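Undergrad: The file below is my_file32.pdb, PDB, C-alpha atoms, pLDDT in the B column:
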ATOM      1  CA  MET A  15      41.172 -28.352 -34.752  1.00 46.00           C
ATOM      2  CA  GLY A  16      38.220 -30.497 -35.769  1.00 58.00           C
ATOM      3  CA  LYS A  17      35.517 -30.765 -38.396  1.00 78.00           C
ATOM      4  CA  ARG A  18      33.445 -28.163 -36.588  1.00 84.00           C
ATOM      5  CA  HIS A  19      35.177 -25.394 -38.558  1.00 81.00           C
ATOM      6  CA  GLN A  20      33.817 -26.720 -41.849  1.00 78.00           C
ATOM      7  CA  VAL A  21      30.249 -27.484 -40.743  1.00 82.00           C
ATOM      8  CA  ILE A  22      27.459 -25.062 -39.945  1.00 86.00           C
ATOM      9  CA  GLY A  23      25.774 -27.024 -37.176  1.00 86.00           C
ATOM     10  CA  ILE A  24      23.283 -24.473 -35.865  1.00 91.00           C
ATOM     11  CA  LYS A  25      20.102 -25.936 -37.350  1.00 88.00           C
ATOM     12  CA  GLN A  26      17.643 -24.380 -34.908  1.00 91.00           C
ATOM     13  CA  THR A  27      17.250 -21.170 -32.962  1.00 94.00           C
ATOM     14  CA  ILE A  28      19.006 -21.670 -29.620  1.00 96.00           C
ATOM     15  CA  ASN A  29      17.132 -19.948 -26.810  1.00 96.00           C
ATOM     16  CA  TYR A  30      19.270 -18.681 -23.976  1.00 97.00           C
ATOM     17  CA  ASP A  31      17.118 -20.373 -21.320  1.00 95.00           C
ATOM     18  CA  TRP A  32      17.997 -23.714 -22.907  1.00 96.00           C
ATOM     19  CA  MET A  33      21.680 -22.979 -22.430  1.00 97.00           C
ATOM     20  CA  ARG A  34      21.071 -22.082 -18.793  1.00 96.00           C
ATOM     21  CA  LYS A  35      19.069 -25.254 -18.259  1.00 96.00           C
ATOM     22  CA  THR A  36      21.920 -27.317 -19.700  1.00 97.00           C
ATOM     23  CA  THR A  37      24.574 -25.761 -17.493  1.00 97.00           C
ATOM     24  CA  ASN A  38      22.385 -26.313 -14.445  1.00 96.00           C
ATOM     25  CA  LEU A  39      22.083 -30.006 -15.291  1.00 97.00           C
ATOM     26  CA  VAL A  40      25.839 -30.344 -15.814  1.00 97.00           C
ATOM     27  CA  LEU A  41      26.621 -28.545 -12.562  1.00 96.00           C
ATOM     28  CA  ALA A  42      24.123 -30.800 -10.773  1.00 96.00           C
ATOM     29  CA  GLY A  43      26.369 -33.731 -11.651  1.00 96.00           C
ATOM     30  CA  LEU A  44      24.012 -35.655 -13.927  1.00 96.00           C
ATOM     31  CA  ASP A  45      25.568 -38.047 -16.419  1.00 96.00           C
ATOM     32  CA  PRO A  46      25.197 -37.402 -20.185  1.00 97.00           C
ATOM     33  CA  GLU A  47      22.384 -39.927 -20.683  1.00 97.00           C
ATOM     34  CA  ASN A  48      20.288 -38.392 -17.924  1.00 97.00           C
ATOM     35  CA  ILE A  49      21.019 -34.864 -19.146  1.00 97.00           C
ATOM     36  CA  ARG A  50      19.845 -35.807 -22.624  1.00 97.00           C
ATOM     37  CA  GLY A  51      16.604 -37.221 -21.213  1.00 96.00           C
ATOM     38  CA  GLU A  52      16.045 -34.188 -18.986  1.00 96.00           C
ATOM     39  CA  LEU A  53      16.526 -31.831 -21.928  1.00 96.00           C
ATOM     40  CA  HIS A  54      14.033 -33.738 -24.063  1.00 93.00           C
ATOM     41  CA  ASP A  55      11.486 -33.619 -21.242  1.00 93.00           C
ATOM     42  CA  TYR A  56      12.193 -29.936 -20.615  1.00 93.00           C
ATOM     43  CA  LEU A  57      11.779 -28.901 -24.251  1.00 92.00           C
ATOM     44  CA  GLY A  58       8.648 -30.973 -24.739  1.00 87.00           C
ATOM     45  CA  GLY A  59       7.012 -29.887 -21.509  1.00 79.00           C
ATOM     46  CA  MET A  60       7.908 -26.228 -22.009  1.00 61.00           C
ATOM     47  CA  ASN A  61       6.390 -26.268 -25.474  1.00 49.00           C
ATOM     48  CA  ARG A  62       3.116 -27.783 -24.259  1.00 47.00           C
ATOM     49  CA  LYS A  63       2.760 -25.094 -21.634  1.00 45.00           C
ATOM     50  CA  SER A  64       3.531 -22.229 -24.001  1.00 47.00           C
ATOM     51  CA  THR A  65       1.742 -23.268 -27.213  1.00 43.00           C
ATOM     52  CA  GLY A  66      -0.381 -26.302 -26.459  1.00 38.00           C
ATOM     53  CA  GLU A  67       1.620 -28.315 -28.992  1.00 41.00           C
ATOM     54  CA  VAL A  68       4.353 -30.865 -28.565  1.00 42.00           C
ATOM     55  CA  ARG A  69       7.570 -29.893 -30.307  1.00 63.00           C
ATOM     56  CA  SER A  70       8.393 -32.618 -32.829  1.00 77.00           C
ATOM     57  CA  LYS A  71      10.791 -35.289 -31.698  1.00 80.00           C
ATOM     58  CA  ASN A  72      13.145 -34.565 -34.608  1.00 83.00           C
ATOM     59  CA  THR A  73      13.288 -30.862 -33.777  1.00 87.00           C
ATOM     60  CA  ARG A  74      13.912 -31.614 -30.113  1.00 90.00           C
ATOM     61  CA  SER A  75      16.698 -33.989 -31.119  1.00 91.00           C
ATOM     62  CA  PHE A  76      18.386 -31.295 -33.204  1.00 91.00           C
ATOM     63  CA  ILE A  77      18.258 -28.866 -30.283  1.00 94.00           C
ATOM     64  CA  VAL A  78      19.360 -31.397 -27.673  1.00 95.00           C
ATOM     65  CA  ASN A  79      22.282 -32.518 -29.825  1.00 95.00           C
ATOM     66  CA  ILE A  80      23.474 -28.926 -30.117  1.00 96.00           C
ATOM     67  CA  LEU A  81      23.179 -28.307 -26.375  1.00 97.00           C
ATOM     68  CA  MET A  82      24.963 -31.570 -25.586  1.00 97.00           C
ATOM     69  CA  LYS A  83      27.828 -30.751 -27.930  1.00 96.00           C
ATOM     70  CA  ILE A  84      28.312 -27.364 -26.278  1.00 97.00           C
ATOM     71  CA  TRP A  85      28.195 -28.219 -22.591  1.00 98.00           C
ATOM     72  CA  VAL A  86      28.024 -31.982 -22.054  1.00 97.00           C
ATOM     73  CA  THR A  87      30.060 -33.861 -24.668  1.00 96.00           C
ATOM     74  CA  PRO A  88      32.164 -31.249 -26.476  1.00 95.00           C
ATOM     75  CA  ASP A  89      34.907 -32.060 -28.947  1.00 93.00           C
ATOM     76  CA  ARG A  90      37.967 -33.489 -27.230  1.00 93.00           C
ATOM     77  CA  ASP A  91      40.035 -30.341 -27.704  1.00 93.00           C
ATOM     78  CA  LEU A  92      37.370 -28.337 -25.866  1.00 95.00           C
ATOM     79  CA  ASN A  93      37.190 -30.470 -22.716  1.00 95.00           C
ATOM     80  CA  LEU A  94      39.528 -28.378 -20.577  1.00 95.00           C
ATOM     81  CA  PHE A  95      38.034 -25.150 -21.913  1.00 96.00           C
ATOM     82  CA  ARG A  96      34.541 -26.398 -20.999  1.00 97.00           C
ATOM     83  CA  SER A  97      35.685 -27.286 -17.470  1.00 96.00           C
ATOM     84  CA  SER A  98      37.160 -23.830 -17.028  1.00 96.00           C
ATOM     85  CA  ALA A  99      33.978 -22.228 -18.350  1.00 96.00           C
ATOM     86  CA  LEU A 100      31.830 -24.163 -15.886  1.00 96.00           C
ATOM     87  CA  ASN A 101      33.899 -22.717 -13.053  1.00 95.00           C
ATOM     88  CA  LEU A 102      32.814 -19.229 -14.146  1.00 95.00           C
ATOM     89  CA  ILE A 103      29.083 -19.976 -14.220  1.00 95.00           C
ATOM     90  CA  GLY A 104      27.050 -18.387 -11.445  1.00 89.00           C
ATOM     91  CA  ARG A 105      28.937 -15.102 -11.023  1.00 77.00           C
ATOM     92  CA  SER A 106      26.124 -12.941 -12.448  1.00 88.00           C
ATOM     93  CA  ALA A 107      23.499 -13.069 -15.188  1.00 90.00           C
ATOM     94  CA  GLU A 108      25.511 -10.915 -17.593  1.00 89.00           C
ATOM     95  CA  LYS A 109      28.735 -12.787 -16.924  1.00 93.00           C
ATOM     96  CA  ASP A 110      26.959 -16.094 -17.430  1.00 96.00           C
ATOM     97  CA  LEU A 111      25.802 -14.876 -20.832  1.00 97.00           C
ATOM     98  CA  ALA A 112      29.433 -14.140 -21.736  1.00 97.00           C
ATOM     99  CA  VAL A 113      30.466 -17.660 -20.685  1.00 97.00           C
ATOM    100  CA  ASN A 114      27.676 -19.222 -22.728  1.00 98.00           C
ATOM    101  CA  TRP A 115      28.645 -17.026 -25.684  1.00 98.00           C
ATOM    102  CA  ALA A 116      32.217 -18.261 -25.364  1.00 98.00           C
ATOM    103  CA  MET A 117      31.193 -21.927 -25.278  1.00 98.00           C
ATOM    104  CA  ILE A 118      28.802 -21.789 -28.224  1.00 98.00           C
ATOM    105  CA  SER A 119      31.342 -19.796 -30.250  1.00 97.00           C
ATOM    106  CA  ALA A 120      34.054 -22.372 -29.591  1.00 97.00           C
ATOM    107  CA  SER A 121      31.761 -25.335 -30.217  1.00 96.00           C
ATOM    108  CA  TYR A 122      30.087 -23.905 -33.297  1.00 96.00           C
ATOM    109  CA  PRO A 123      32.375 -21.510 -35.200  1.00 96.00           C
ATOM    110  CA  PHE A 124      29.462 -20.687 -37.511  1.00 96.00           C
ATOM    111  CA  TRP A 125      27.920 -18.806 -34.562  1.00 97.00           C
ATOM    112  CA  TYR A 126      31.185 -16.900 -34.146  1.00 97.00           C
ATOM    113  CA  ASN A 127      31.325 -16.091 -37.860  1.00 96.00           C
ATOM    114  CA  VAL A 128      27.733 -14.851 -37.974  1.00 97.00           C
ATOM    115  CA  ALA A 129      28.572 -12.638 -35.007  1.00 98.00           C
ATOM    116  CA  ARG A 130      31.755 -11.422 -36.699  1.00 98.00           C
ATOM    117  CA  GLN A 131      29.957 -10.417 -39.884  1.00 97.00           C
ATOM    118  CA  THR A 132      27.182  -8.803 -37.846  1.00 98.00           C
ATOM    119  CA  GLY A 133      29.710  -6.870 -35.780  1.00 98.00           C
ATOM    120  CA  ARG A 134      31.561  -5.702 -38.886  1.00 97.00           C
ATOM    121  CA  LEU A 135      28.355  -4.302 -40.299  1.00 98.00           C
ATOM    122  CA  PHE A 136      27.509  -2.551 -37.029  1.00 98.00           C
ATOM    123  CA  ALA A 137      30.897  -0.839 -37.210  1.00 97.00           C
ATOM    124  CA  LEU A 138      29.653   0.810 -40.402  1.00 97.00           C
ATOM    125  CA  GLN A 139      25.966   1.374 -39.707  1.00 97.00           C
ATOM    126  CA  ASP A 140      23.357   1.484 -36.949  1.00 96.00           C
ATOM    127  CA  GLN A 141      21.058  -1.188 -38.382  1.00 97.00           C
ATOM    128  CA  VAL A 142      21.962  -4.579 -39.814  1.00 98.00           C
ATOM    129  CA  CYS A 143      19.769  -6.764 -42.012  1.00 98.00           C
ATOM    130  CA  GLN A 144      19.902 -10.517 -42.429  1.00 97.00           C
ATOM    131  CA  ALA A 145      20.489 -10.244 -46.189  1.00 96.00           C
ATOM    132  CA  GLN A 146      23.663  -8.238 -45.568  1.00 97.00           C
ATOM    133  CA  VAL A 147      25.005 -10.820 -43.136  1.00 97.00           C
ATOM    134  CA  VAL A 148      24.146 -13.687 -45.473  1.00 96.00           C
ATOM    135  CA  LYS A 149      25.923 -12.034 -48.382  1.00 95.00           C
ATOM    136  CA  ARG A 150      29.142 -11.897 -46.372  1.00 95.00           C
ATOM    137  CA  LEU A 151      28.758 -15.425 -45.043  1.00 95.00           C
ATOM    138  CA  LYS A 152      28.367 -16.803 -48.560  1.00 93.00           C
ATOM    139  CA  GLU A 153      31.764 -15.356 -49.398  1.00 91.00           C
ATOM    140  CA  GLN A 154      33.175 -17.577 -46.661  1.00 88.00           C
ATOM    141  CA  TYR A 155      31.020 -20.723 -46.864  1.00 87.00           C
ATOM    142  CA  GLY A 156      29.958 -20.656 -50.499  1.00 87.00           C
ATOM    143  CA  ASP A 157      26.643 -19.831 -52.117  1.00 83.00           C
ATOM    144  CA  ARG A 158      24.561 -22.465 -50.362  1.00 80.00           C
ATOM    145  CA  ASP A 159      20.815 -22.145 -49.806  1.00 82.00           C
ATOM    146  CA  THR A 160      21.256 -23.464 -46.270  1.00 89.00           C
ATOM    147  CA  ILE A 161      23.298 -20.383 -45.332  1.00 93.00           C
ATOM    148  CA  VAL A 162      20.168 -18.230 -45.443  1.00 93.00           C
ATOM    149  CA  ARG A 163      18.208 -20.531 -43.131  1.00 93.00           C
ATOM    150  CA  TYR A 164      20.989 -21.239 -40.660  1.00 94.00           C
ATOM    151  CA  ALA A 165      22.089 -17.605 -40.475  1.00 96.00           C
ATOM    152  CA  SER A 166      18.484 -16.753 -39.659  1.00 96.00           C
ATOM    153  CA  TYR A 167      18.533 -19.236 -36.772  1.00 96.00           C
ATOM    154  CA  VAL A 168      21.658 -17.633 -35.329  1.00 97.00           C
ATOM    155  CA  LEU A 169      20.373 -14.078 -35.716  1.00 98.00           C
ATOM    156  CA  ARG A 170      17.079 -15.035 -34.057  1.00 97.00           C
ATOM    157  CA  SER A 171      19.141 -16.592 -31.283  1.00 97.00           C
ATOM    158  CA  PHE A 172      20.947 -13.263 -30.870  1.00 98.00           C
ATOM    159  CA  VAL A 173      17.558 -11.612 -30.367  1.00 98.00           C
ATOM    160  CA  ASP A 174      16.516 -14.208 -27.802  1.00 97.00           C
ATOM    161  CA  TRP A 175      19.813 -13.740 -25.968  1.00 98.00           C
ATOM    162  CA  GLY A 176      19.076 -10.006 -25.831  1.00 97.00           C
ATOM    163  CA  VAL A 177      22.117  -8.801 -27.782  1.00 98.00           C
ATOM    164  CA  LEU A 178      20.051  -7.730 -30.812  1.00 98.00           C
ATOM    165  CA  LYS A 179      16.663  -6.058 -31.033  1.00 98.00           C
ATOM    166  CA  ASP A 180      14.101  -6.333 -33.805  1.00 97.00           C
ATOM    167  CA  THR A 181      13.203  -3.270 -35.857  1.00 97.00           C
ATOM    168  CA  PRO A 182       9.931  -2.525 -37.656  1.00 97.00           C
ATOM    169  CA  THR A 183      11.607  -3.866 -40.806  1.00 97.00           C
ATOM    170  CA  ARG A 184      11.477  -7.643 -40.761  1.00 95.00           C
ATOM    171  CA  GLY A 185      14.921  -9.249 -40.769  1.00 95.00           C
ATOM    172  CA  CYS A 186      16.673  -6.069 -39.664  1.00 98.00           C
ATOM    173  CA  TYR A 187      18.168  -5.465 -36.234  1.00 98.00           C
ATOM    174  CA  ILE A 188      19.799  -2.931 -33.971  1.00 98.00           C
ATOM    175  CA  LYS A 189      22.289  -3.580 -31.187  1.00 97.00           C
ATOM    176  CA  SER A 190      21.368  -3.714 -27.552  1.00 97.00           C
ATOM    177  CA  PRO A 191      23.551  -1.741 -25.123  1.00 97.00           C
ATOM    178  CA  PRO A 192      26.854  -3.587 -24.717  1.00 96.00           C
ATOM    179  CA  ILE A 193      27.472  -5.881 -21.788  1.00 96.00           C
ATOM    180  CA  VAL A 194      30.428  -4.504 -19.867  1.00 96.00           C
ATOM    181  CA  ILE A 195      33.043  -7.155 -19.144  1.00 95.00           C
ATOM    182  CA  SER A 196      35.170  -5.893 -16.272  1.00 91.00           C
ATOM    183  CA  ASP A 197      36.480  -9.239 -15.025  1.00 91.00           C
ATOM    184  CA  SER A 198      39.646 -10.333 -16.830  1.00 93.00           C
ATOM    185  CA  ASN A 199      38.692 -14.000 -16.333  1.00 94.00           C
ATOM    186  CA  HIS A 200      35.632 -13.566 -18.525  1.00 95.00           C
ATOM    187  CA  ALA A 201      37.507 -11.460 -21.051  1.00 96.00           C
ATOM    188  CA  ILE A 202      40.173 -14.137 -21.396  1.00 96.00           C
ATOM    189  CA  MET A 203      37.469 -16.781 -21.733  1.00 97.00           C
ATOM    190  CA  LEU A 204      36.019 -14.875 -24.698  1.00 97.00           C
ATOM    191  CA  VAL A 205      39.472 -14.439 -26.218  1.00 97.00           C
ATOM    192  CA  GLU A 206      40.219 -18.145 -25.916  1.00 97.00           C
ATOM    193  CA  ALA A 207      36.838 -18.949 -27.462  1.00 97.00           C
ATOM    194  CA  GLY A 208      37.830 -16.842 -30.445  1.00 97.00           C
ATOM    195  CA  LEU A 209      40.975 -18.916 -30.888  1.00 97.00           C
ATOM    196  CA  HIS A 210      38.930 -22.111 -30.788  1.00 96.00           C
ATOM    197  CA  ALA A 211      36.603 -20.666 -33.419  1.00 96.00           C
ATOM    198  CA  LEU A 212      39.503 -20.032 -35.818  1.00 94.00           C
ATOM    199  CA  PRO A 213      40.700 -23.012 -37.895  1.00 91.00           C
ATOM    200  CA  GLY A 214      44.360 -22.342 -37.145  1.00 91.00           C
ATOM    201  CA  GLY A 215      43.850 -21.729 -33.445  1.00 94.00           C
ATOM    202  CA  LYS A 216      46.065 -18.655 -33.461  1.00 94.00           C
ATOM    203  CA  ALA A 217      45.698 -14.904 -33.859  1.00 95.00           C
ATOM    204  CA  ALA A 218      47.235 -11.653 -32.718  1.00 95.00           C
ATOM    205  CA  LEU A 219      45.925 -10.639 -29.302  1.00 95.00           C
ATOM    206  CA  ASP A 220      44.648  -7.306 -30.586  1.00 94.00           C
ATOM    207  CA  VAL A 221      42.748  -9.021 -33.401  1.00 94.00           C
ATOM    208  CA  VAL A 222      40.914 -11.556 -31.242  1.00 96.00           C
ATOM    209  CA  LEU A 223      40.342  -9.191 -28.298  1.00 95.00           C
ATOM    210  CA  ASN A 224      38.767  -6.585 -30.566  1.00 95.00           C
ATOM    211  CA  SER A 225      37.032  -9.016 -32.880  1.00 97.00           C
ATOM    212  CA  PRO A 226      33.662  -7.798 -34.201  1.00 98.00           C
ATOM    213  CA  ALA A 227      32.383 -11.242 -33.142  1.00 98.00           C
ATOM    214  CA  LEU A 228      32.385  -9.793 -29.628  1.00 98.00           C
ATOM    215  CA  PHE A 229      30.051  -6.946 -30.598  1.00 98.00           C
ATOM    216  CA  PRO A 230      27.671  -7.641 -27.655  1.00 98.00           C
ATOM    217  CA  PHE A 231      30.440  -6.880 -25.156  1.00 97.00           C
ATOM    218  CA  SER A 232      32.551  -3.970 -24.013  1.00 96.00           C
ATOM    219  CA  MET A 233      35.908  -5.612 -23.425  1.00 96.00           C
ATOM    220  CA  PRO A 234      38.626  -4.501 -20.999  1.00 94.00           C
ATOM    221  CA  ALA A 235      42.284  -4.182 -21.880  1.00 92.00           C
ATOM    222  CA  VAL A 236      44.031  -7.542 -21.519  1.00 93.00           C
ATOM    223  CA  ASN A 237      47.699  -8.262 -22.151  1.00 92.00           C
ATOM    224  CA  GLY A 238      49.668 -11.408 -22.793  1.00 92.00           C
ATOM    225  CA  ASP A 239      50.954 -11.611 -19.238  1.00 92.00           C
ATOM    226  CA  ALA A 240      47.397 -11.704 -17.899  1.00 93.00           C
ATOM    227  CA  ILE A 241      46.520 -14.485 -20.320  1.00 94.00           C
ATOM    228  CA  SER A 242      49.619 -16.518 -19.431  1.00 92.00           C
ATOM    229  CA  SER A 243      48.873 -16.269 -15.725  1.00 91.00           C
ATOM    230  CA  ASN A 244      45.182 -17.136 -16.240  1.00 90.00           C
ATOM    231  CA  THR A 245      45.431 -20.218 -18.450  1.00 92.00           C
ATOM    232  CA  ASP A 246      48.037 -22.729 -19.531  1.00 92.00           C
ATOM    233  CA  ARG A 247      45.964 -23.623 -22.590  1.00 95.00           C
ATOM    234  CA  VAL A 248      47.200 -20.623 -24.583  1.00 95.00           C
ATOM    235  CA  SER A 249      50.769 -19.725 -25.437  1.00 95.00           C
ATOM    236  CA  VAL A 250      51.801 -16.096 -25.884  1.00 94.00           C
ATOM    237  CA  GLU A 251      54.546 -15.221 -28.355  1.00 92.00           C
ATOM    238  CA  ARG A 252      55.847 -11.680 -28.577  1.00 88.00           C
ATOM    239  CA  TYR A 253      56.979 -10.196 -31.858  1.00 82.00           C
ATOM    240  CA  GLY A 254      57.793  -6.696 -32.981  1.00 74.00           C
ATOM    241  CA  LEU A 255      57.700  -4.007 -30.331  1.00 73.00           C
ATOM    242  CA  ASP A 256      54.295  -4.482 -28.712  1.00 78.00           C
ATOM    243  CA  ASP A 257      52.590  -7.253 -30.662  1.00 86.00           C
ATOM    244  CA  GLU A 258      51.590 -10.566 -29.099  1.00 92.00           C
ATOM    245  CA  LEU A 259      50.535 -13.727 -30.910  1.00 94.00           C
ATOM    246  CA  LEU A 260      48.184 -16.135 -29.141  1.00 96.00           C
ATOM    247  CA  ARG A 261      48.226 -19.818 -29.991  1.00 95.00           C
ATOM    248  CA  LEU A 262      46.158 -22.677 -28.590  1.00 95.00           C
ATOM    249  CA  LYS A 263      48.181 -25.486 -27.107  1.00 89.00           C
ATOM    250  CA  VAL A 264      47.253 -28.966 -28.275  1.00 76.00           C
ATOM    251  CA  GLU A 265      45.324 -30.874 -25.621  1.00 62.00           C
ATOM    252  CA  GLY A 266      46.372 -34.440 -24.950  1.00 49.00           C
TER     253      GLY A 266
END
What do you get writing this file as structure tokens?
TA:
Amino acid sequence: MGKRHQVIGIKQTINYDWMRKTTNLVLAGLDPENIRGELHDYLGGMNRKSTGEVRSKNTRSFIVNILMKIWVTPDRDLNLFRSSALNLIGRSAEKDLAVNWAMISASYPFWYNVARQTGRLFALQDQVCQAQVVKRLKEQYGDRDTIVRYASYVLRSFVDWGVLKDTPTRGCYIKSPPIVISDSNHAIMLVEAGLHALPGGKAALDVVLNSPALFPFSMPAVNGDAISSNTDRVSVERYGLDDELLRLKVEG
């Protein structure tokens, strides 16, 4: 695992169209330097058209750095995972959202943890407010002022991605209808992302498959055999009668 599990990282709202733009550039075969330049031009030009203002260079740099770290120059232990994820892009709009969710969760565990706390609250109630999510995050990351701001960025990203909806009460949200994941390839991708988001890189299959961090999705049943046949990046260890432990293999 890397330092990404200790840092927050998401310092801006990440619009879903930006993720799609990045994957398109990667799939087009552009090198990292050209992708970075294209993203800067895209963000600046898009902002001029929509608001008449040029997004500040510093803000664009924050956003571009995040997008690059997810899809272009990920941490070394995510290289093979990223390559596998790219192979799943283009199946359908909803499936592409699941792949992008997997990549941002693996690259930025803070995203995964905001989703997990949000999903836990939705298991108890129909509406979730930012203050409730922040309270739980502070138990994990400490009582830092930045938690409030960065959690807000992630929750606003969830709205932009269409997995949350605003309510009349500012800072409070309801869930959108779940995205049904019927393809085991995408389900396993989300499971593996969960392992990457955990510092130890291991968890019981039932725990990661049914994680509240996957609240936007309706997941199919997946067993260890399916995972073993789908990827050689995850080992499956059986214990007890029906329990299976998943563990990330160390990439060379």
Undergrad: Apply the PyMOL selection byres ((chain A and resi 193) around 9) to the displayed file and report the matching residues as an MDAnalysis selection string.
TA: chainID A and resid 108:109 112 177 190:192 194:195 230:233
Undergrad: Which residue, A:Ser166, A:Asn127, A:Ser243, A:Ser171, has the smallest gap to A:Ala145 when you use all atoms listed in the file?
TA: A:Ser166
Undergrad: Please measure the separation of atom CA of A:Tyr56 and atom CA of A:Val86, giving the value in Å to one decimal.
TA: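 Value for the atom CA of A:Tyr56-atom CA of A:Val86 distance: 16.0 Å.
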Undergrad: Just need the box for stretch 99-116 of chain A, edges along x, y and z, holding every atom the file lists for it with 8 Å tacked onto each side, so centre and edge lengths in Å to one decimal, as AutoDock Vina command-line options.
TA:
--center_x 28.7 --center_y -17.5 --center_z -18.4 --size_x 26.5 --size_y 29.2 --size_z 30.7
Undergrad: For the structure shown, which residues end up in the PyMOL selection byres ((chain A and resi 28-43) around 9)? Put them as an MDAnalysis selection string, please?
TA: chainID A and resid 24:27 44:46 48:49 52:53 56:57 77 80:82 84:86 100 103 110:111 114 167:168 170:172 174:176
Undergrad: For stretch 152-161 of chain A, list every protein, DNA or RNA residue within 12 Å, evaluated using all atoms listed in the file, and leave out those in the same chain fewer than 3 positions away; present the list as an MDAnalysis selection string.
TA: chainID A and resid 19:26 123:125 127:128 130:131 144:149 164:169
Undergrad: Just the number, please: distance in Å from atom CA of A:Leu135 to atom CA of A:Leu260, one decimal.
TA: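 Going from atom CA of A:Leu135 over to atom CA of A:Leu260 covers 25.6 Å.
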Undergrad: Could you expand the PyMOL selection byres ((chain A and resi 99) around 9) into the explicit residues it covers here, written as a list in words?
TA: Leu94, Phe95, Arg96, Ser97, Ser98, Leu100, Asn101, Leu102, Ile103, Val113, Asn114, Ala116, Met117, His200 and Met203 of chain A
Undergrad: Give me, please, the distance in Å between atom CA of A:Val236 and atom CA of A:Asp257, quoted to one decimal.
TA: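 Going from atom CA of A:Val236 over to atom CA of A:Asp257, I get 12.5 Å.
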Undergrad: Which residues, written as a PyMOL selection string, have at least one atom at most 12 Å from A:Thr183, with all atoms listed in the file counted and residues fewer than 5 positions away on the same chain left out?
TA: chain A and resi 141-144+188
Undergrad: Can you spit out the residues from that selection as an mmCIF file, in the coordinates of the input, using C-alpha atoms?
TA:
data_model
loop_
_atom_site.group_PDB
_atom_site.id
_atom_site.type_symbol
_atom_site.label_atom_id
_atom_site.label_comp_id
_atom_site.auth_asym_id
_atom_site.auth_seq_id
_atom_site.Cartn_x
_atom_site.Cartn_y
_atom_site.Cartn_z
ATOM 1 C CA GLN A 141 21.058 -1.188 -38.382
ATOM 2 C CA VAL A 142 21.962 -4.579 -39.814
ATOM 3 C CA CYS A 143 19.769 -6.764 -42.012
ATOM 4 C CA GLN A 144 19.902 -10.517 -42.429
ATOM 5 C CA ILE A 188 19.799 -2.931 -33.971
#
Undergrad: Pick out the closest residue to A:Glu258 from this set: A:Ala227, A:Pro234, A:Asp246, A:Lys216. Count only C-alpha atoms.
TA: A:Lys216
Undergrad: From the list A:Lys17, A:Arg150, A:His210, A:Arg74, which residue is nearest A:Val222 when using only C-alpha atoms?
TA: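 Going through A:Lys17, A:Arg150, A:His210, A:Arg74 one by one, the smallest distance to A:Val222 is for A:His210.
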